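Participant: Got query-v5.txt for you, compact mmCIF, C-alpha atoms:
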```txt
# COMPACT_ATOMS: atom_id res chain seq x y z
CA MET A 1 -30.50 -19.19 25.05
CA ARG A 2 -30.67 -20.58 21.54
CA SER A 3 -32.04 -17.29 20.22
CA LEU A 4 -29.18 -15.40 21.90
CA TRP A 5 -26.62 -17.68 20.24
CA THR A 6 -28.37 -17.22 16.88
CA TRP A 7 -28.35 -13.47 17.36
CA LEU A 8 -24.64 -13.47 18.24
CA TRP A 9 -23.78 -15.64 15.22
CA LYS A 10 -25.81 -13.49 12.87
CA TYR A 11 -24.67 -10.06 13.97
CA LEU A 12 -21.21 -10.56 15.47
CA PHE A 13 -19.50 -13.68 14.20
CA ARG A 14 -20.67 -13.45 10.62
CA ALA A 15 -19.84 -9.75 10.65
CA HIS A 16 -16.15 -10.54 11.17
CA ALA A 17 -16.29 -9.19 14.73
CA VAL A 18 -14.96 -12.42 16.20
CA VAL A 19 -11.26 -11.51 15.68
CA PRO A 20 -11.33 -8.10 17.42
CA LEU A 21 -13.57 -9.53 20.15
CA THR A 22 -11.12 -12.38 20.74
CA VAL A 23 -8.18 -9.98 20.82
CA ALA A 24 -10.04 -7.72 23.27
CA ALA A 25 -10.89 -10.69 25.52
CA LEU A 26 -7.24 -11.84 25.40
CA PHE A 27 -6.11 -8.30 26.23
CA VAL A 28 -8.37 -8.17 29.29
CA PHE A 29 -7.27 -11.68 30.36
CA VAL A 30 -3.53 -10.90 30.07
CA THR A 31 -3.94 -7.49 31.75
CA LEU A 32 -5.67 -8.99 34.79
CA PHE A 33 -3.04 -11.70 35.23
CA ALA A 34 -0.14 -9.29 34.60
CA PHE A 35 -1.57 -6.87 37.17
CA ASN A 36 -1.90 -9.69 39.68
CA GLU A 37 1.68 -10.83 39.05
CA PHE A 38 3.61 -7.56 38.68
CA ALA A 39 1.65 -4.63 40.14
CA PHE A 40 3.50 -2.80 42.93
CA ARG A 41 6.38 -5.32 43.08
CA PHE A 42 8.09 -5.00 39.70
CA VAL A 43 11.63 -3.68 40.16
CA ALA A 44 12.92 -2.44 36.83
CA ALA A 45 16.44 -2.01 38.26
CA LYS A 46 16.65 -5.79 38.56
CA CYS A 47 15.99 -6.35 34.88
CA LYS A 48 18.28 -8.70 33.06
CA ASP A 49 21.04 -6.92 31.14
CA ILE A 50 20.64 -7.01 27.41
CA ALA A 51 23.74 -7.58 25.35
CA PRO A 52 24.23 -5.23 22.38
CA ASP A 53 22.31 -6.40 19.30
CA SER A 54 24.21 -8.09 16.54
CA TRP A 55 23.33 -6.87 13.05
CA TRP A 56 20.98 -9.77 12.30
CA GLN A 57 18.80 -9.57 15.42
CA PRO A 58 16.97 -6.28 14.75
CA THR A 59 17.14 -6.94 10.99
CA GLY A 60 15.62 -10.40 11.35
CA ALA A 61 12.92 -9.12 13.71
CA PHE A 62 12.18 -6.24 11.32
CA ILE A 63 11.87 -8.62 8.35
CA ALA A 64 9.64 -11.01 10.34
CA VAL A 65 7.28 -8.23 11.42
CA THR A 66 7.17 -6.75 7.91
CA CYS A 67 6.36 -10.18 6.44
CA ALA A 68 3.55 -10.55 9.02
CA PHE A 69 2.22 -7.17 7.88
CA PHE A 70 2.16 -8.39 4.26
CA LEU A 71 0.55 -11.67 5.33
CA GLY A 72 -2.13 -9.66 7.12
CA GLY A 73 -2.58 -7.79 3.86
CA LEU A 74 -3.21 -11.08 2.04
CA LEU A 75 -5.80 -12.03 4.68
CA GLY A 76 -7.37 -8.62 4.13
CA LYS A 77 -8.21 -9.66 0.58
CA LEU A 78 -10.75 -12.12 1.92
CA PRO A 79 -14.34 -11.08 1.10
CA HIS A 80 -15.55 -8.42 3.49
CA LYS A 81 -19.18 -8.33 4.49
CA LYS A 82 -20.84 -4.98 3.90
CA VAL A 83 -22.87 -3.42 6.68
CA GLU A 84 -26.54 -3.46 5.80
CA PRO A 85 -28.82 -0.62 6.91
CA GLY A 86 -30.36 -1.41 10.29
CA LYS A 87 -27.80 -4.15 11.00
CA ASP A 88 -25.00 -1.94 12.17
CA ILE A 89 -24.10 -3.52 15.51
CA ALA A 90 -20.71 -4.67 14.17
CA LEU A 91 -19.99 -1.14 12.97
CA ARG A 92 -20.91 0.31 16.37
CA ALA A 93 -18.91 -2.35 18.23
CA THR A 94 -15.87 -1.74 16.01
CA GLN A 95 -15.98 2.03 16.52
CA PHE A 96 -16.56 1.61 20.26
CA ASN A 97 -13.52 -0.66 20.54
CA LEU A 98 -11.44 1.68 18.38
CA THR A 99 -12.37 4.55 20.72
CA ALA A 100 -11.49 2.44 23.77
CA LEU A 101 -8.16 1.47 22.15
CA SER A 102 -7.38 5.13 21.41
CA LEU A 103 -8.19 6.00 25.01
CA ALA A 104 -5.86 3.23 26.26
CA ILE A 105 -3.06 4.46 23.95
CA ALA A 106 -3.57 8.05 25.18
CA GLY A 107 -3.38 6.81 28.79
CA ALA A 108 -0.19 4.88 27.99
CA TRP A 109 1.45 7.94 26.39
CA TRP A 110 0.41 10.07 29.37
CA TYR A 111 2.14 7.65 31.74
CA GLU A 112 5.17 7.33 29.43
CA THR A 113 5.63 11.12 29.35
CA VAL A 114 5.19 11.51 33.13
CA ALA A 115 7.68 8.68 33.72
CA LEU A 116 10.24 10.13 31.27
CA ALA A 117 9.95 13.51 33.00
CA SER A 118 10.26 12.05 36.51
CA ASN A 119 14.08 11.86 36.44
CA GLY A 120 14.03 8.14 37.27
CA LYS A 121 11.35 8.11 39.97
CA LYS A 122 9.06 6.16 37.66
CA GLU A 123 10.05 3.72 34.92
CA PRO A 124 8.68 4.39 31.41
CA ILE A 125 6.67 1.69 29.63
CA THR A 126 9.45 1.31 27.06
CA GLN A 127 11.74 0.34 29.95
CA TYR A 128 9.34 -2.45 30.92
CA VAL A 129 9.17 -3.58 27.28
CA MET A 130 12.97 -3.81 27.15
CA CYS A 131 12.90 -5.73 30.45
CA ILE A 132 10.46 -8.22 28.96
CA LYS A 133 12.59 -8.44 25.80
CA GLY A 134 15.61 -9.26 27.96
CA ALA A 135 13.78 -12.08 29.72
CA GLN A 136 11.50 -13.36 26.92
CA ASN A 137 12.99 -12.37 23.56
CA ASP A 138 11.08 -14.94 21.48
CA TRP A 139 7.68 -14.15 23.01
CA THR A 140 8.28 -10.43 22.50
CA ILE A 141 8.88 -10.84 18.78
CA LEU A 142 5.83 -13.11 18.56
CA VAL A 143 3.63 -10.38 20.06
CA PHE A 144 4.95 -7.86 17.53
CA ILE A 145 4.36 -10.35 14.68
CA VAL A 146 0.73 -10.91 15.74
CA ALA A 147 0.21 -7.15 16.07
CA ALA A 148 1.62 -6.60 12.56
CA LEU A 149 -0.64 -9.37 11.20
CA ILE A 150 -3.75 -7.71 12.66
CA LEU A 151 -2.62 -4.27 11.49
CA GLY A 152 -2.01 -5.51 7.94
CA ARG A 153 -5.41 -7.21 7.91
CA TRP A 154 -7.08 -4.00 9.08
CA LEU A 155 -5.29 -1.56 6.77
CA TRP A 156 -5.76 -3.78 3.72
CA HIS A 157 -9.36 -4.84 4.38
CA ARG A 158 -10.84 -3.00 1.43
CA PRO A 159 -10.98 -4.76 -1.90
CA GLY A 160 -8.89 -3.07 -4.57
CA SER A 161 -6.38 -1.53 -2.17
CA HIS A 162 -2.86 -2.36 -3.26
CA LEU A 163 0.60 -1.62 -2.00
CA GLN A 164 2.27 0.20 -4.88
CA MET B 1 -23.35 2.51 0.34
CA ALA B 2 -25.72 4.11 -2.14
CA ALA B 3 -26.88 7.69 -1.80
CA THR B 4 -30.49 6.48 -1.65
CA THR B 5 -29.81 4.85 1.71
CA ARG B 6 -27.33 7.35 3.10
CA GLY B 7 -29.29 10.41 2.21
CA SER B 8 -28.96 13.23 -0.24
CA VAL B 9 -25.77 14.74 -1.57
CA ASP B 10 -26.40 17.72 0.71
CA GLU B 11 -26.60 15.46 3.75
CA ILE B 12 -23.30 13.78 2.82
CA LYS B 13 -21.71 17.19 2.28
CA GLY B 14 -23.07 18.35 5.65
CA ARG B 15 -21.67 15.31 7.48
CA ARG B 16 -18.29 15.70 5.80
CA LYS B 17 -18.22 19.42 6.64
CA ARG B 18 -19.03 18.75 10.31
CA ARG B 19 -16.31 16.09 10.46
CA LEU B 20 -13.84 18.52 8.88
CA VAL B 21 -14.63 21.02 11.63
CA ALA B 22 -13.93 18.28 14.20
CA ILE B 23 -10.58 17.55 12.47
CA TRP B 24 -9.64 21.25 12.71
CA ILE B 25 -10.55 21.17 16.41
CA VAL B 26 -8.35 18.13 17.12
CA GLY B 27 -5.58 19.79 15.09
CA ALA B 28 -5.92 22.83 17.34
CA VAL B 29 -5.82 20.60 20.44
CA PHE B 30 -2.53 19.10 19.18
CA LEU B 31 -0.97 22.50 18.44
CA VAL B 32 -2.14 24.20 21.66
CA GLY B 33 -1.08 21.20 23.79
CA ASN B 34 2.42 21.21 22.29
CA ALA B 35 2.72 24.98 22.60
CA LEU B 36 1.78 24.77 26.31
CA ASP B 37 4.39 22.01 26.76
CA LEU B 38 7.09 24.09 25.05
CA LEU B 39 6.28 27.16 27.12
CA GLY B 40 6.27 25.13 30.32
CA VAL B 41 2.65 25.94 31.16
CA ILE B 42 2.00 22.19 31.35
CA ASN B 43 4.52 20.65 33.72
CA TRP B 44 5.16 16.95 33.09
CA GLY B 45 7.91 16.74 35.72
CA PRO B 46 11.47 17.86 36.51
CA GLY B 47 12.85 16.09 33.43
CA GLN B 48 11.00 18.52 31.19
CA ASN B 49 13.57 21.23 32.01
CA ASN B 50 16.56 18.89 32.09
CA PRO B 51 18.63 19.46 28.90
CA ASP B 52 19.42 15.71 28.72
CA SER B 53 15.79 14.59 28.64
CA ARG B 54 13.86 17.68 27.45
CA VAL B 55 13.64 16.63 23.79
CA THR B 56 12.54 13.08 24.69
CA VAL B 57 9.87 14.36 27.10
CA LEU B 58 8.53 16.87 24.57
CA LEU B 59 8.45 14.25 21.80
CA SER B 60 6.60 11.84 24.08
CA ALA B 61 4.19 14.62 25.06
CA ALA B 62 3.63 15.37 21.35
CA LEU B 63 2.64 11.74 20.79
CA PHE B 64 0.33 12.00 23.81
CA TRP B 65 -1.42 14.95 22.14
CA VAL B 66 -1.71 12.96 18.90
CA ALA B 67 -3.36 10.18 20.92
CA VAL B 68 -5.73 12.68 22.60
CA ALA B 69 -6.66 14.06 19.17
CA MET B 70 -7.41 10.51 17.98
CA VAL B 71 -9.61 9.86 21.04
CA ILE B 72 -11.64 13.00 20.35
CA LEU B 73 -12.06 12.11 16.67
CA CYS B 74 -12.94 8.47 17.44
CA PHE B 75 -15.53 9.56 20.01
CA ARG B 76 -16.99 12.07 17.56
CA ASP B 77 -17.25 9.30 14.91
CA LEU B 78 -18.84 6.98 17.48
CA VAL B 79 -21.56 9.55 18.18
CA SER B 80 -22.03 10.06 14.44
CA ILE B 81 -22.40 6.30 13.86
CA PHE B 82 -25.01 6.01 16.63
CA LYS B 83 -26.89 9.02 15.27
CA HIS B 84 -26.84 8.18 11.54
CA ARG B 85 -26.49 4.36 11.78
CA SER B 86 -23.71 4.41 9.18
CA ARG B 87 -20.02 5.27 9.10
CA PRO B 88 -18.99 8.86 8.29
CA PRO B 89 -19.17 9.24 4.50
CA THR B 90 -15.88 9.26 2.62
CA LEU B 91 -14.88 11.27 -0.41
CA ALA B 92 -15.67 8.22 -2.56
CA ASP B 93 -19.22 8.15 -1.09
CA LEU B 94 -19.67 11.81 -1.98
CA LYS B 95 -18.38 11.33 -5.53
CA LYS B 96 -20.66 8.33 -6.01
CA ALA B 97 -23.68 10.23 -4.68
CA GLN B 98 -22.92 13.19 -6.90
CA ALA B 99 -22.58 10.93 -9.93
CA GLU B 100 -25.92 9.24 -9.12
CA ALA B 101 -27.62 12.60 -8.63
CA GLY B 102 -26.11 13.94 -11.86
CA ASP B 103 -24.30 16.73 -10.02
CA ALA B 104 -21.01 18.14 -11.24
CA ALA B 105 -18.14 16.92 -9.09
CA ASP B 106 -16.68 19.68 -6.90
CA THR B 107 -14.15 17.57 -5.05
CA GLY B 108 -11.00 18.31 -7.03
CA SER B 109 -9.04 20.22 -4.39
CA LEU B 110 -5.48 19.34 -3.47
CA TRP B 111 -6.56 18.25 0.02
CA ASN B 112 -9.22 15.95 -1.39
CA GLU B 113 -6.74 14.43 -3.83
CA ALA B 114 -4.26 13.89 -0.98
CA SER B 115 -7.03 12.38 1.18
CA GLU B 116 -8.08 10.05 -1.64
CA TRP B 117 -4.49 8.94 -2.21
CA MET B 118 -4.08 8.25 1.52
CA GLN B 119 -7.29 6.20 1.62
CA LYS B 120 -6.30 4.23 -1.47
CA HIS B 121 -2.81 3.55 -0.16
CA SER B 122 -3.53 3.21 3.56
CA ALA B 123 -1.39 0.05 3.72
CA LEU B 124 1.61 1.89 2.24
CA VAL B 125 1.09 4.75 4.72
CA GLY B 126 0.89 2.23 7.58
CA LEU B 127 4.01 0.39 6.41
CA THR B 128 5.92 3.68 6.08
CA GLY B 129 4.88 4.61 9.62
CA PHE B 130 6.06 1.24 10.89
CA VAL B 131 9.44 1.52 9.12
CA VAL B 132 10.02 5.08 10.35
CA GLY B 133 8.93 4.10 13.88
CA ALA B 134 11.12 0.98 13.92
CA LEU B 135 14.22 2.79 12.68
CA GLY B 136 13.60 5.83 14.91
CA GLY B 137 12.94 3.61 17.93
CA HIS B 138 16.00 1.44 17.29
CA PHE B 139 18.51 4.23 16.69
CA PHE B 140 17.21 7.21 18.66
CA TRP B 141 14.91 6.06 21.50
CA GLY B 142 16.89 5.24 24.62
CA VAL B 143 15.39 4.77 28.06
CA GLY B 144 16.92 3.72 31.36
CA GLY B 145 20.07 1.74 30.88
CA TYR B 146 19.20 0.58 27.36
```
As C-alpha cells, how would this structure be written, given the file I've shared?
Facilitator:
Amino acid sequence: MRSLWTWLWKYLFRAHAVVPLTVAALFVFVTLFAFNEFAFRFVAAKCKDIAPDSWWQPTGAFIAVTCAFFLGGLLGKLPHKKVEPGKDIALRATQFNLTALSLAIAGAWWYETVALASNGKKEPITQYVMCIKGAQNDWTILVFIVAALILGRWLWHRPGSHLQ
Amino acid sequence: MAATTRGSVDEIKGRRKRRLVAIWIVGAVFLVGNALDLLGVINWGPGQNNPDSRVTVLLSAALFWVAVAMVILCFRDLVSIFKHRSRPPTLADLKKAQAEAGDAADTGSLWNEASEWMQKHSALVGLTGFVVGALGGHFFWGVGGY
C-alpha cells in the first residue's frame, strides 16, 4: 500500500496531474448525482422565467470570467515539470483525458443538434443551461469562472507565452 | 526535449508529416460532414428543413463535426504518445533538432509561421474564441423561450 502511494505521488501528483484528476472525479460525482436527480423527470417547460438582462449582468459576468481567465494565466506561470523519458504516465493520462473530454463534447453537440432539429420534441442542452441559470444564477457564473480559470491555466502553461 | 532523446531530424519530420496527413483527414471529415448536412443526406430531424431553425441546426451540426474532428485528432495523438512515449513533436522541436544537427532550416513556409504564431499566442487565440463565443451566444443564440 505504501509503495502504491509513493508511486502515485511520484508519477501523478508531482506531475501536476492532481488538478485534472480532481476535476474529472468531480465531473463523475456531479454527473451521477444529477442523473439520479433529474433523469427522465426534468420538465423544461416548467423552468423559471428569466427576466431580460440589464446591461450590467452579462457585462459583469463577462468581466468576471475574463478576469478568471487572466488569473489562470498567472497560475500558468508556475514552474512546469518536464516529462522525462520513460516517465510519461502523466503525459498519457493527460492525452487520454483530453480524448475522453473531446468525445464527451462531440456527444453533447450530437444531442444538441438532434434536439434543435426535433421541433421541440427534445430540449437542447442550452435550454437546460438557461433553466439552471434561472434557478441558480450565482452558481452558474461560478462554474463558468472555474472553467475559465482552468482554461487560462492550461493555455498559458508554457513559460515565455505572453498575451500581447 | 532534445533531438538525442526524441530521435533524428528525419524521425521528427516523419512524425510531423504523418500528423499533417491526419489533420488533412479530419479537415476532410469536417467538410464532407457539413456538405452532407447541407445537401440533406444526413437528416438531423424535421427542424433541419424548417426555415426558422435551419441555420441554427446547421451551425450546431458544424460544431458537432468540429468536435468529431478533434476526437479523431486526439485519438491519433494518444496512439502516437503510446507508440513513441513522447508528445507529437512541434515546429519548435524540429527547429531545435535541425539546429543541433547543423541542418539548414526548411521551416519558413507561411503555414509554419502561422502555426508558430498560434502556438506562441495560444492564450490570445483562446481569449478571442471566448469573446467571440460569448458575444455570439449572447446576441444570436436563442433556444426555447429564451
Participant: Report the distance between atom CA of A:Leu149 and atom CA of A:Phe69 in Å, rounded to one decimal place.
Facilitator: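 Between atom CA of A:Leu149 and atom CA of A:Phe69 the gap is 4.9 Å.
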Participant: For chain B against chain A, which residues fall within 7 Å using all atoms listed in the file, given as a PyMOL selection string?
Facilitator: chain B and resi 44-48+57+60-61+63-64+67-68+70-71+74-75+78+81+85+120-124+143-144
Participant: Could you give me, as a list in words, the residues within 10 Å of stretch 113-116 of chain B, counting all atoms listed in the file and dropping anything in the same chain fewer than 6 positions from it?
Facilitator: Thr90, Leu91, Ala92, Thr107 and Ser122 of chain B
Participant: Which distance in Å separates atom CA of A:Val143 and atom CA of B:Thr128, to one decimal?
Facilitator: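 Atom-to-atom, atom CA of A:Val143 to atom CA of B:Thr128, that is 20.0 Å.
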Participant: Of the residues A:Phe35, A:Ile141, A:Val43, A:Trp9, which is the one nearest to A:Lys122, using all atoms listed in the file?
Facilitator: A:Val43
Participant: Rounded to one decimal place, report the atom CA of B:Leu94-atom CA of B:Leu127 distance in Å.
Facilitator: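 These atoms are spaced 27.6 Å apart.
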